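K.L.:
Provided herewith: final13.csv, CSV, C-alpha atoms.
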chain,number,residue,atom,x,y,z
A,1,MET,CA,27.9,-39.3,-84.0
A,2,SER,CA,28.7,-41.9,-81.4
A,3,LEU,CA,25.9,-43.0,-79.1
A,4,SER,CA,25.6,-45.4,-76.2
A,5,PRO,CA,22.8,-48.0,-76.2
A,6,GLU,CA,20.9,-45.9,-73.7
A,7,GLU,CA,21.1,-42.8,-75.9
A,8,VAL,CA,20.0,-44.8,-79.0
A,9,ARG,CA,17.1,-46.2,-76.9
A,10,ARG,CA,15.9,-42.7,-76.0
A,11,LYS,CA,16.2,-41.7,-79.6
A,12,CYS,CA,14.1,-44.6,-80.8
A,13,SER,CA,11.5,-44.0,-78.1
A,14,GLU,CA,11.2,-40.4,-79.1
A,15,LYS,CA,10.6,-41.4,-82.7
A,16,GLY,CA,8.0,-43.9,-81.6
A,17,TRP,CA,8.2,-46.2,-84.6
A,18,VAL,CA,11.6,-47.8,-84.4
A,19,THR,CA,11.8,-51.4,-83.2
A,20,MET,CA,15.0,-52.6,-81.5
A,21,TYR,CA,17.2,-55.6,-82.0
A,22,GLU,CA,17.3,-57.7,-78.8
A,23,ARG,CA,20.9,-59.1,-78.7
A,24,ILE,CA,24.1,-58.8,-80.7
A,25,ALA,CA,27.4,-60.7,-80.1
A,26,THR,CA,30.6,-61.1,-82.1
A,27,LEU,CA,32.7,-64.2,-81.8
A,28,THR,CA,36.3,-64.6,-83.0
A,29,ASP,CA,39.1,-67.1,-82.8
A,30,GLU,CA,42.8,-66.6,-82.3
A,31,ASP,CA,43.4,-65.8,-85.9
A,32,ARG,CA,41.0,-62.9,-85.9
A,33,GLU,CA,40.6,-63.1,-89.6
A,34,ARG,CA,36.9,-63.9,-89.4
A,35,VAL,CA,34.0,-62.9,-87.1
A,36,LEU,CA,30.9,-64.8,-86.3
A,37,LEU,CA,28.2,-62.1,-86.0
A,38,ILE,CA,25.1,-63.3,-84.1
A,39,GLU,CA,22.0,-61.0,-83.9
A,40,ASP,CA,18.6,-61.5,-82.4
A,41,HIS,CA,16.1,-59.8,-84.7
A,42,PRO,CA,13.1,-58.1,-83.1
A,43,THR,CA,10.5,-59.8,-85.4
A,44,PRO,CA,9.7,-63.5,-85.6
A,45,VAL,CA,10.6,-64.1,-89.3
A,46,GLY,CA,11.9,-60.7,-90.5
A,47,ALA,CA,15.4,-62.1,-89.9
A,48,GLU,CA,15.1,-64.1,-93.2
A,49,TRP,CA,14.9,-60.9,-95.3
A,50,VAL,CA,18.1,-59.6,-93.6
A,51,VAL,CA,20.0,-62.9,-94.1
A,52,ARG,CA,19.1,-63.0,-97.8
A,53,ASN,CA,20.0,-59.4,-98.6
A,54,TYR,CA,23.2,-59.5,-96.7
A,55,GLU,CA,24.2,-62.7,-98.4
A,56,ALA,CA,23.5,-61.2,-101.8
A,57,THR,CA,25.0,-57.8,-101.1
A,58,SER,CA,28.3,-58.0,-99.3
A,59,PRO,CA,31.5,-59.8,-100.3
A,60,LEU,CA,32.5,-59.9,-96.6
A,61,VAL,CA,29.7,-62.3,-95.8
A,62,GLU,CA,31.1,-65.8,-96.4
A,63,LYS,CA,28.0,-67.6,-95.0
A,64,ALA,CA,24.6,-66.5,-93.6
A,65,TRP,CA,21.8,-68.4,-92.0
A,66,ARG,CA,18.9,-68.1,-89.6
A,67,GLU,CA,17.8,-70.1,-86.6
A,68,GLY,CA,14.4,-68.7,-85.6
A,69,LYS,CA,14.7,-65.0,-84.8
A,70,ARG,CA,18.5,-65.3,-84.5
A,71,HIS,CA,20.7,-64.8,-87.6
A,72,PHE,CA,24.3,-65.7,-88.1
A,73,PHE,CA,26.9,-64.2,-90.4
A,74,LEU,CA,30.4,-65.6,-90.9
A,75,LEU,CA,32.2,-62.4,-91.8
A,76,ARG,CA,35.7,-61.9,-93.3
A,77,VAL,CA,37.7,-59.0,-91.7
A,78,GLY,CA,38.2,-56.2,-94.2
A,79,GLU,CA,36.4,-53.6,-96.3
A,80,ALA,CA,34.1,-53.9,-99.3
A,81,SER,CA,32.3,-51.5,-101.6
A,82,LEU,CA,28.5,-52.3,-101.7
A,83,ASP,CA,26.4,-51.9,-104.8
A,84,LEU,CA,23.1,-51.4,-103.1
A,85,GLU,CA,19.9,-51.9,-105.1
A,86,PRO,CA,16.4,-51.7,-103.7
A,87,SER,CA,14.6,-55.1,-103.1
A,88,VAL,CA,17.5,-57.4,-104.2
A,89,ARG,CA,20.6,-55.9,-102.6
A,90,ALA,CA,19.2,-53.5,-100.1
A,91,ALA,CA,21.6,-54.0,-97.1
A,92,GLY,CA,24.9,-55.4,-96.2
A,93,VAL,CA,28.2,-55.2,-94.3
A,94,GLU,CA,30.7,-52.6,-95.5
A,95,SER,CA,33.6,-53.3,-93.1
A,96,VAL,CA,34.7,-55.6,-90.3
A,97,GLU,CA,37.5,-54.7,-87.9
A,98,VAL,CA,38.9,-56.4,-84.8
A,99,ARG,CA,41.1,-54.4,-82.5
A,100,ASP,CA,41.7,-53.4,-78.9
A,101,GLY,CA,39.2,-56.0,-77.6
A,102,GLU,CA,36.4,-54.7,-79.8
A,103,VAL,CA,34.7,-55.7,-83.0
A,104,ARG,CA,33.5,-53.0,-85.3
A,105,VAL,CA,31.0,-53.9,-88.0
A,106,THR,CA,29.7,-51.2,-90.4
A,107,HIS,CA,26.3,-51.8,-91.8
A,108,ALA,CA,24.6,-49.9,-94.7
A,109,GLY,CA,21.0,-50.2,-95.9
A,110,LEU,CA,18.3,-48.6,-98.0
A,111,ALA,CA,15.1,-47.3,-96.4
A,112,GLY,CA,13.9,-49.6,-93.6
A,113,ALA,CA,17.2,-51.6,-93.8
A,114,GLY,CA,19.0,-48.3,-93.1
A,115,VAL,CA,17.0,-47.9,-89.9
A,116,GLY,CA,18.1,-51.4,-88.9
A,117,ALA,CA,21.7,-50.4,-89.6
A,118,ALA,CA,21.8,-47.1,-87.8
A,119,LEU,CA,19.2,-47.3,-85.0
A,120,SER,CA,17.6,-50.7,-84.4
A,121,ARG,CA,20.9,-52.4,-83.7
A,122,GLY,CA,22.4,-49.6,-81.6
A,123,CYS,CA,20.4,-50.4,-78.4
A,124,ALA,CA,20.7,-54.2,-78.4
A,125,GLU,CA,22.0,-56.0,-75.4
A,126,GLY,CA,25.7,-56.7,-76.0
A,127,VAL,CA,26.4,-53.4,-77.9
A,128,SER,CA,29.0,-51.1,-76.5
A,129,ARG,CA,28.1,-48.1,-78.7
A,130,VAL,CA,27.0,-47.3,-82.2
A,131,GLU,CA,28.6,-44.7,-84.5
A,132,ILE,CA,25.9,-43.3,-86.8
A,133,HIS,CA,27.2,-42.1,-90.1
A,134,GLU,CA,23.8,-41.6,-91.8
A,135,GLU,CA,20.6,-42.1,-89.9
A,136,GLY,CA,18.4,-43.4,-92.6
A,137,GLY,CA,14.6,-43.7,-92.7
A,138,GLY,CA,12.0,-43.2,-95.4
A,139,SER,CA,13.9,-43.8,-98.7
A,140,ARG,CA,17.3,-42.6,-97.4
A,141,LEU,CA,20.5,-44.6,-96.9
A,142,GLY,CA,21.4,-45.5,-93.4
A,143,ARG,CA,25.0,-46.3,-92.3
A,144,ALA,CA,26.4,-47.1,-88.9
A,145,THR,CA,29.2,-48.9,-87.1
A,146,VAL,CA,28.1,-51.2,-84.4
A,147,VAL,CA,30.8,-51.8,-81.7
A,148,THR,CA,30.7,-54.9,-79.6
A,149,PRO,CA,33.2,-56.6,-77.2
A,150,GLU,CA,35.3,-59.2,-78.8
A,151,LEU,CA,34.2,-62.7,-77.5
A,152,ARG,CA,36.1,-65.9,-78.1
A,153,ARG,CA,34.1,-68.7,-79.6
A,154,LEU,CA,34.1,-71.8,-77.4
A,155,VAL,CA,32.3,-74.9,-78.6
A,156,ILE,CA,31.9,-77.8,-76.1
A,157,GLY,CA,30.8,-81.3,-76.9
A,158,VAL,CA,29.6,-83.5,-73.9
A,159,ASP,CA,28.5,-87.1,-73.7
A,160,ASP,CA,27.6,-89.7,-71.2
A,161,THR,CA,26.5,-87.9,-68.0
A,162,ASP,CA,23.5,-90.1,-67.2
A,163,THR,CA,22.8,-93.6,-66.1
A,164,GLU,CA,19.9,-96.0,-66.5
A,165,GLU,CA,18.5,-94.6,-63.2
A,166,GLU,CA,19.1,-90.9,-63.4
A,167,GLY,CA,20.2,-87.9,-65.4
A,168,ALA,CA,19.8,-86.2,-68.8
A,169,THR,CA,22.8,-84.9,-70.7
A,170,TRP,CA,21.0,-82.2,-72.6
A,171,SER,CA,19.4,-80.8,-69.5
A,172,ALA,CA,22.5,-80.9,-67.3
A,173,VAL,CA,24.6,-79.0,-69.9
A,174,ASP,CA,21.9,-76.4,-70.3
A,175,VAL,CA,21.9,-75.8,-66.5
A,176,ILE,CA,25.7,-75.4,-66.6
A,177,CYS,CA,25.6,-72.9,-69.5
A,178,ARG,CA,22.9,-70.8,-67.8
A,179,ARG,CA,25.0,-70.7,-64.6
A,180,LEU,CA,28.0,-69.6,-66.6
A,181,GLU,CA,25.9,-66.8,-68.1
A,182,ASP,CA,25.2,-65.5,-64.7
A,183,GLU,CA,28.5,-66.2,-63.0
A,184,ALA,CA,31.1,-65.8,-65.7
A,185,GLY,CA,29.6,-63.3,-68.1
A,186,VAL,CA,29.5,-65.6,-71.1
A,187,PHE,CA,27.1,-65.4,-74.0
A,188,TYR,CA,25.1,-68.7,-74.2
A,189,SER,CA,24.5,-68.8,-78.0
A,190,ARG,CA,23.4,-72.4,-79.0
A,191,HIS,CA,22.5,-75.8,-77.6
A,192,VAL,CA,22.2,-78.7,-80.0
A,193,THR,CA,21.3,-82.3,-79.3
A,194,VAL,CA,23.2,-84.7,-81.6
A,195,GLN,CA,21.7,-88.0,-82.5
A,196,LEU,CA,24.5,-90.6,-82.8
A,197,TYR,CA,24.4,-94.2,-84.0
A,198,PRO,CA,21.3,-95.7,-82.2
A,199,LYS,CA,22.5,-99.3,-82.3
A,200,THR,CA,25.7,-98.9,-80.3
A,201,PRO,CA,25.6,-101.2,-77.2
A,202,HIS,CA,27.1,-98.4,-75.0
A,203,ARG,CA,24.1,-96.1,-74.6
A,204,THR,CA,21.6,-95.1,-71.9
A,205,ARG,CA,18.6,-95.1,-74.3
A,206,ASN,CA,18.6,-92.5,-77.1
A,207,CYS,CA,22.3,-92.4,-77.8
A,208,ALA,CA,22.5,-88.6,-78.0
A,209,ALA,CA,25.4,-86.3,-77.2
A,210,VAL,CA,25.2,-82.5,-76.8
A,211,VAL,CA,27.2,-79.6,-78.2
A,212,VAL,CA,26.9,-76.0,-77.1
A,213,GLU,CA,28.4,-72.7,-78.3
A,214,LEU,CA,29.5,-69.9,-75.9
A,215,GLY,CA,30.9,-66.5,-76.5
A,216,VAL,CA,33.5,-65.9,-73.8
A,217,PRO,CA,35.4,-62.7,-72.9
A,218,THR,CA,38.9,-63.3,-74.3
A,219,LYS,CA,40.7,-63.3,-71.0
A,220,ARG,CA,38.3,-65.7,-69.3
A,221,VAL,CA,38.5,-68.7,-71.7
A,222,GLU,CA,40.6,-70.9,-69.5
A,223,ARG,CA,38.6,-70.0,-66.4
A,224,VAL,CA,35.3,-70.8,-68.2
A,225,LYS,CA,36.7,-74.2,-69.2
A,226,ARG,CA,37.6,-75.0,-65.6
A,227,GLU,CA,34.3,-73.8,-64.3
A,228,PHE,CA,32.4,-75.8,-66.9
A,229,LEU,CA,34.3,-79.0,-66.0
A,230,ARG,CA,33.8,-78.4,-62.3
A,231,MET,CA,30.0,-78.0,-62.8
A,232,LEU,CA,29.9,-81.0,-65.1
A,233,LYS,CA,31.4,-83.1,-62.4
A,234,GLU,CA,28.7,-81.9,-60.0
A,235,VAL,CA,25.8,-82.9,-62.3
A,236,SER,CA,27.2,-86.1,-63.8
A,237,PHE,CA,25.9,-89.5,-62.6
A,238,SER,CA,28.2,-91.5,-65.0
A,239,ASP,CA,31.7,-92.7,-64.7
A,240,HIS,CA,32.2,-92.2,-68.4
A,241,THR,CA,31.5,-88.5,-68.8
A,242,CYS,CA,33.7,-86.5,-71.2
A,243,ALA,CA,33.9,-83.0,-72.6
A,244,ALA,CA,35.6,-81.8,-75.8
A,245,PHE,CA,36.6,-78.1,-76.4
A,246,TRP,CA,36.9,-76.4,-79.8
A,247,ASP,CA,37.7,-72.6,-80.1
A,248,ARG,CA,37.9,-72.0,-83.8
A,249,LEU,CA,35.3,-70.6,-86.2
A,250,GLU,CA,35.5,-73.5,-88.7
A,251,PHE,CA,35.7,-77.3,-88.5
A,252,PRO,CA,38.3,-79.3,-90.5
A,253,ARG,CA,37.1,-82.0,-92.9
A,254,GLU,CA,38.5,-84.8,-90.6
A,255,LEU,CA,36.3,-83.7,-87.7
A,256,ARG,CA,33.2,-83.3,-89.9
A,257,ASP,CA,33.8,-86.8,-91.4
A,258,LEU,CA,34.1,-88.3,-87.9
A,259,GLY,CA,30.8,-86.7,-86.8
A,260,ASN,CA,29.0,-88.0,-89.9
A,261,ALA,CA,30.5,-91.5,-89.3
A,262,ALA,CA,29.4,-91.6,-85.7
A,263,LYS,CA,25.8,-91.2,-86.8
A,264,ARG,CA,26.0,-94.2,-89.1
A,265,ARG,CA,28.1,-96.8,-87.3
A,266,ILE,CA,30.1,-97.6,-84.2
A,267,VAL,CA,33.2,-95.5,-84.2
A,268,SER,CA,36.4,-96.8,-82.6
A,269,ARG,CA,38.4,-95.1,-79.9
A,270,GLU,CA,41.4,-95.2,-82.2
A,271,GLU,CA,39.6,-93.3,-85.0
A,272,VAL,CA,38.6,-90.6,-82.5
A,273,ASP,CA,42.1,-90.4,-81.1
A,274,GLU,CA,43.5,-89.9,-84.6
A,275,VAL,CA,41.1,-87.0,-85.3
A,276,VAL,CA,41.8,-85.5,-81.9
A,277,GLU,CA,45.5,-85.4,-82.6
A,278,ILE,CA,45.2,-84.1,-86.2
A,279,CYS,CA,42.7,-81.4,-85.3
A,280,GLU,CA,44.3,-80.6,-81.9
A,281,ILE,CA,41.1,-81.0,-80.0
A,282,GLU,CA,41.2,-80.5,-76.2
A,283,VAL,CA,39.4,-83.5,-74.6
A,284,VAL,CA,38.9,-83.9,-70.8
A,285,SER,CA,37.5,-87.0,-69.1
A,286,ILE,CA,35.7,-87.0,-65.9
A,287,GLY,CA,36.1,-90.5,-64.4
A,288,ASP,CA,36.9,-93.1,-67.0
A,289,GLY,CA,35.6,-91.1,-69.9
A,290,GLU,CA,36.2,-93.9,-72.4
A,291,ARG,CA,32.7,-94.1,-73.8
A,292,GLY,CA,31.9,-90.4,-73.5
A,293,ARG,CA,35.0,-89.4,-75.4
A,294,ILE,CA,33.6,-90.6,-78.7
A,295,GLY,CA,30.3,-88.8,-78.5
A,296,ALA,CA,31.8,-85.6,-77.1
A,297,VAL,CA,34.3,-85.2,-80.0
A,298,ALA,CA,31.9,-86.4,-82.7
A,299,ALA,CA,29.2,-83.9,-81.6
A,300,LEU,CA,31.4,-80.8,-82.1
A,301,PRO,CA,30.8,-79.9,-85.8
A,302,PHE,CA,27.0,-80.3,-85.5
A,303,ILE,CA,26.8,-76.9,-83.7
A,304,ASP,CA,26.6,-75.4,-87.2
A,305,ASP,CA,23.9,-77.8,-88.4
A,306,HIS,CA,21.2,-78.6,-85.8
A,307,GLY,CA,18.9,-80.0,-88.5
A,308,LEU,CA,21.4,-82.7,-89.5
A,309,ALA,CA,22.3,-83.2,-85.8
A,310,ALA,CA,18.9,-84.4,-84.9
A,311,ARG,CA,18.5,-86.9,-87.8
A,312,VAL,CA,18.8,-90.6,-87.6
A,313,PRO,CA,20.4,-91.7,-91.0
A,314,ARG,CA,18.4,-94.3,-92.9
Go ahead and express the file in the form of structure tokens.

P.N.:
Amino acid sequence: MSLSPEEVRRKCSEKGWVTMYERIATLTDEDRERVLLIEDHPTPVGAEWVVRNYEATSPLVEKAWREGKRHFFLLRVGEASLDLEPSVRAAGVESVEVRDGEVRVTHAGLAGAGVGAALSRGCAEGVSRVEIHEEGGGSRLGRATVVTPELRRLVIGVDDTDTEEEGATWSAVDVICRRLEDEAGVFYSRHVTVQLYPKTPHRTRNCAAVVVELGVPTKRVERVKREFLRMLKEVSFSDHTCAAFWDRLEFPRELRDLGNAAKRRIVSREEVDEVVEICEIEVVSIGDGERGRIGAVAALPFIDDHGLAARVPR
């Protein structure tokens, strides 16, 4: 049975006891071998149970974590047989498929987790339709395929937009991303402030860069990059502003090592340029861009670790 989000919403309303997921998005890269599934759970900490069970149950889940009510699953494309067991392996992902501009993720769960698989997810913002195989509820198994548009992951690092007199990089980038949500139809997933080496002489005050994650319709990626840079130029007060773009789901070791180094010491332009070349990072300067280049590139891998991003190494 294939239902639109509106049809699922009516069904949930008729039942009167089904709570609904708020948002679901699926991000890919050009390889299309993995999918980053992002879901906004309806309850404040219920997401932790989902993360732990999915991680324990499904071989397709390579990594799972939670940030508040939002949970993230790095999924491998393919199919897997689930050995469901109440309480310890109660829910998981059976299959992941990317084709024709859509991502199809099939969930299965026991009891309440089956309701989450078949009904609660089906009416979330970002869902195209849900194909319910078994509805679930009570002690029954629930199974459903949630279909979402394929979005391309776009991670953007930014540094040095402010001066001693005016500006704030974290705030300026947030304004840009909210505008892109409204004007370009992107999914604004995450915004992370990255603390860099605080003793560098080239800083406004706190020596922090910013990295954001967007989900972009696949045919709009280049347009969104252009629009981001245009808006960045409008809100920047510095002559050293720079943006770095990354569109893959994983970060190579060289880039992660550079990010960690930039938190502990002054990193040279030559070190950054070497990593940019090895990892094929797209870097665009607005104005001189010399100083902002280092922070923009170093900030990129911290999109996946906002706890470490905020720390000042001792």

K.L.:
Could you tell me which of A:Glu48, A:Glu125, A:Asp83, A:Glu213 comes closest to Arg9 of chain A if we count all atoms listed in the file?

P.N.:
A:Glu125

K.L.:
Quick one: everything within 8 Å of Arg129 of chain A, counting all atoms listed in the file, minus sequence neighbours fewer than 4 positions away in the same chain. Send it as a VMD selection string.

P.N.:
chain A and resid 2 to 5 122 146 to 148

K.L.:
Restricting the calculation to all atoms listed in the file: of A:Glu183, A:Asp40, A:Glu134, A:Glu234, which residue gets closest to Met1 of chain A?

P.N.:
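Closest candidate: A:Glu134.
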
K.L.:
Mind pulling up the distance from atom CA of Asp247 of chain A to atom CA of Ala209 of chain A?

P.N.:
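Separating atom CA of Ala209 of chain A from atom CA of Asp247 of chain A is a distance of 18.6 Å.
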
K.L.:
Which residues are near segment 180-182 of chain A? Cut-off 8 Å, all atoms listed in the file, ignore same chain within fewer than 6 positions. Put them as a PyMOL selection string.

P.N.:
chain A and resi 188+224+227-228

K.L.:
Go through A:Val267, A:Leu119, A:Val221, A:Leu75 one by one, measure the shortest atom-to-atom distance of each to Arg32 of chain A using only C-alpha atoms, and give the residue with the smallest value.

P.N.:
A:Leu75

K.L.:
What's the separation between atom CA of Glu250 of chain A and atom CA of Asp304 of chain A, in Å to one decimal place?

P.N.:
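Atom-to-atom, atom CA of Glu250 of chain A to atom CA of Asp304 of chain A, that is 9.2 Å.
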
K.L.:
What is the atom CA of Ala118 of chain A to atom CA of Pro59 of chain A distance in Å?

P.N.:
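Spanning atom CA of Ala118 of chain A to atom CA of Pro59 of chain A is a straight-line distance of 20.3 Å.
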
K.L.:
My list of candidates is A:Ser13, A:Ser87, A:Asn260, A:Thr161. Which is closest to Arg293 of chain A when distances are computed with only C-alpha atoms?

P.N.:
A:Thr161

K.L.:
Place a sphere of radius 12 Å on (43.0, -64.5, -83.9) in the file coordinates and name every protein, DNA or RNA residue with an atom inside or on its surface, counting all atoms listed in the file; give the answer as a ChimeraX atom specification.

P.N.:
/A:27-35,77,97-99,101,150-153,218,247-249

K.L.:
Just write the chosen residues, C-alpha atoms, as a PDB file, in the coordinates of the input.

P.N.:
ATOM      1  CA  LEU A  27      32.700 -64.200 -81.800  1.00  0.00           C
ATOM      2  CA  THR A  28      36.300 -64.600 -83.000  1.00  0.00           C
ATOM      3  CA  ASP A  29      39.100 -67.100 -82.800  1.00  0.00           C
ATOM      4  CA  GLU A  30      42.800 -66.600 -82.300  1.00  0.00           C
ATOM      5  CA  ASP A  31      43.400 -65.800 -85.900  1.00  0.00           C
ATOM      6  CA  ARG A  32      41.000 -62.900 -85.900  1.00  0.00           C
ATOM      7  CA  GLU A  33      40.600 -63.100 -89.600  1.00  0.00           C
ATOM      8  CA  ARG A  34      36.900 -63.900 -89.400  1.00  0.00           C
ATOM      9  CA  VAL A  35      34.000 -62.900 -87.100  1.00  0.00           C
ATOM     10  CA  VAL A  77      37.700 -59.000 -91.700  1.00  0.00           C
ATOM     11  CA  GLU A  97      37.500 -54.700 -87.900  1.00  0.00           C
ATOM     12  CA  VAL A  98      38.900 -56.400 -84.800  1.00  0.00           C
ATOM     13  CA  ARG A  99      41.100 -54.400 -82.500  1.00  0.00           C
ATOM     14  CA  GLY A 101      39.200 -56.000 -77.600  1.00  0.00           C
ATOM     15  CA  GLU A 150      35.300 -59.200 -78.800  1.00  0.00           C
ATOM     16  CA  LEU A 151      34.200 -62.700 -77.500  1.00  0.00           C
ATOM     17  CA  ARG A 152      36.100 -65.900 -78.100  1.00  0.00           C
ATOM     18  CA  ARG A 153      34.100 -68.700 -79.600  1.00  0.00           C
ATOM     19  CA  THR A 218      38.900 -63.300 -74.300  1.00  0.00           C
ATOM     20  CA  ASP A 247      37.700 -72.600 -80.100  1.00  0.00           C
ATOM     21  CA  ARG A 248      37.900 -72.000 -83.800  1.00  0.00           C
ATOM     22  CA  LEU A 249      35.300 -70.600 -86.200  1.00  0.00           C
TER      23      LEU A 249
END

K.L.:
For Arg70 of chain A, which residue out of A:Ile38, A:Ile156, A:Val93, A:Ile294 is the nearest one, using all atoms listed in the file?

P.N.:
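Closest candidate: A:Ile38.
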
K.L.:
Would you mind listing what lies within 12 Å of Gly112 of chain A as a PDB file with C-alpha atoms, in the coordinates of the input, with only C-alpha atoms counted and same-chain residues fewer than 2 positions away left out?

P.N.:
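Once everything was written out, this is part-v7.pdb:
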ATOM      1  CA  TRP A  17       8.200 -46.200 -84.600  1.00  0.00           C
ATOM      2  CA  VAL A  18      11.600 -47.800 -84.400  1.00  0.00           C
ATOM      3  CA  THR A  19      11.800 -51.400 -83.200  1.00  0.00           C
ATOM      4  CA  GLY A  46      11.900 -60.700 -90.500  1.00  0.00           C
ATOM      5  CA  TRP A  49      14.900 -60.900 -95.300  1.00  0.00           C
ATOM      6  CA  VAL A  50      18.100 -59.600 -93.600  1.00  0.00           C
ATOM      7  CA  PRO A  86      16.400 -51.700-103.700  1.00  0.00           C
ATOM      8  CA  SER A  87      14.600 -55.100-103.100  1.00  0.00           C
ATOM      9  CA  ALA A  90      19.200 -53.500-100.100  1.00  0.00           C
ATOM     10  CA  ALA A  91      21.600 -54.000 -97.100  1.00  0.00           C
ATOM     11  CA  ALA A 108      24.600 -49.900 -94.700  1.00  0.00           C
ATOM     12  CA  GLY A 109      21.000 -50.200 -95.900  1.00  0.00           C
ATOM     13  CA  LEU A 110      18.300 -48.600 -98.000  1.00  0.00           C
ATOM     14  CA  GLY A 114      19.000 -48.300 -93.100  1.00  0.00           C
ATOM     15  CA  VAL A 115      17.000 -47.900 -89.900  1.00  0.00           C
ATOM     16  CA  GLY A 116      18.100 -51.400 -88.900  1.00  0.00           C
ATOM     17  CA  ALA A 117      21.700 -50.400 -89.600  1.00  0.00           C
ATOM     18  CA  ALA A 118      21.800 -47.100 -87.800  1.00  0.00           C
ATOM     19  CA  LEU A 119      19.200 -47.300 -85.000  1.00  0.00           C
ATOM     20  CA  SER A 120      17.600 -50.700 -84.400  1.00  0.00           C
ATOM     21  CA  GLU A 135      20.600 -42.100 -89.900  1.00  0.00           C
ATOM     22  CA  GLY A 136      18.400 -43.400 -92.600  1.00  0.00           C
ATOM     23  CA  GLY A 137      14.600 -43.700 -92.700  1.00  0.00           C
ATOM     24  CA  GLY A 138      12.000 -43.200 -95.400  1.00  0.00           C
ATOM     25  CA  SER A 139      13.900 -43.800 -98.700  1.00  0.00           C
ATOM     26  CA  ARG A 140      17.300 -42.600 -97.400  1.00  0.00           C
ATOM     27  CA  LEU A 141      20.500 -44.600 -96.900  1.00  0.00           C
ATOM     28  CA  GLY A 142      21.400 -45.500 -93.400  1.00  0.00           C
ATOM     29  CA  ARG A 143      25.000 -46.300 -92.300  1.00  0.00           C
TER      30      ARG A 143
END

K.L.:
Measuring atom to atom with only C-alpha atoms, identify which of A:Pro301, A:Phe237, A:Val283, A:Trp65 is nearest to Arg253 of chain A.

P.N.:
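Of all the options, A:Pro301 lies closest to Arg253 of chain A.
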
K.L.:
Contacts of Ala208 of chain A at 8 Å or less, counting all atoms listed in the file, minus same-chain residues fewer than 2 places along, as an MDAnalysis selection string?

P.N.:
chainID A and resid 159 193:196 206 210 295

K.L.:
Is there a way to complete segment 105-109 of chain A with all heavy atoms and then write that out as a tab-separated table (two decimals), in the frame of the given file?

P.N.:
chain	number	residue	atom	x	y	z
A	105	VAL	N	31.63	-53.48	-86.77
A	105	VAL	CA	31.00	-53.90	-88.00
A	105	VAL	C	30.14	-52.75	-88.53
A	105	VAL	O	29.25	-52.23	-87.84
A	105	VAL	CB	30.04	-55.13	-87.74
A	105	VAL	CG1	29.33	-55.54	-89.03
A	105	VAL	CG2	30.84	-56.30	-87.18
A	106	THR	N	30.45	-52.33	-89.76
A	106	THR	CA	29.70	-51.20	-90.40
A	106	THR	C	28.67	-51.76	-91.32
A	106	THR	O	28.97	-52.50	-92.26
A	106	THR	CB	30.69	-50.29	-91.13
A	106	THR	OG1	31.65	-49.76	-90.21
A	106	THR	CG2	29.92	-49.13	-91.77
A	107	HIS	N	27.42	-51.39	-91.05
A	107	HIS	CA	26.30	-51.80	-91.80
A	107	HIS	C	25.79	-50.63	-92.70
A	107	HIS	O	25.91	-49.47	-92.30
A	107	HIS	CB	25.10	-52.21	-90.94
A	107	HIS	CG	25.42	-53.30	-89.97
A	107	HIS	ND1	25.06	-54.61	-90.19
A	107	HIS	CD2	26.05	-53.28	-88.76
A	107	HIS	CE1	25.46	-55.35	-89.17
A	107	HIS	NE2	26.06	-54.56	-88.29
A	108	ALA	N	25.23	-50.94	-93.86
A	108	ALA	CA	24.60	-49.90	-94.70
A	108	ALA	C	23.33	-50.54	-95.28
A	108	ALA	O	23.28	-51.72	-95.61
A	108	ALA	CB	25.53	-49.49	-95.83
A	109	GLY	N	22.28	-49.71	-95.36
A	109	GLY	CA	21.00	-50.20	-95.90
A	109	GLY	C	20.15	-49.12	-96.43
A	109	GLY	O	20.23	-47.96	-96.00
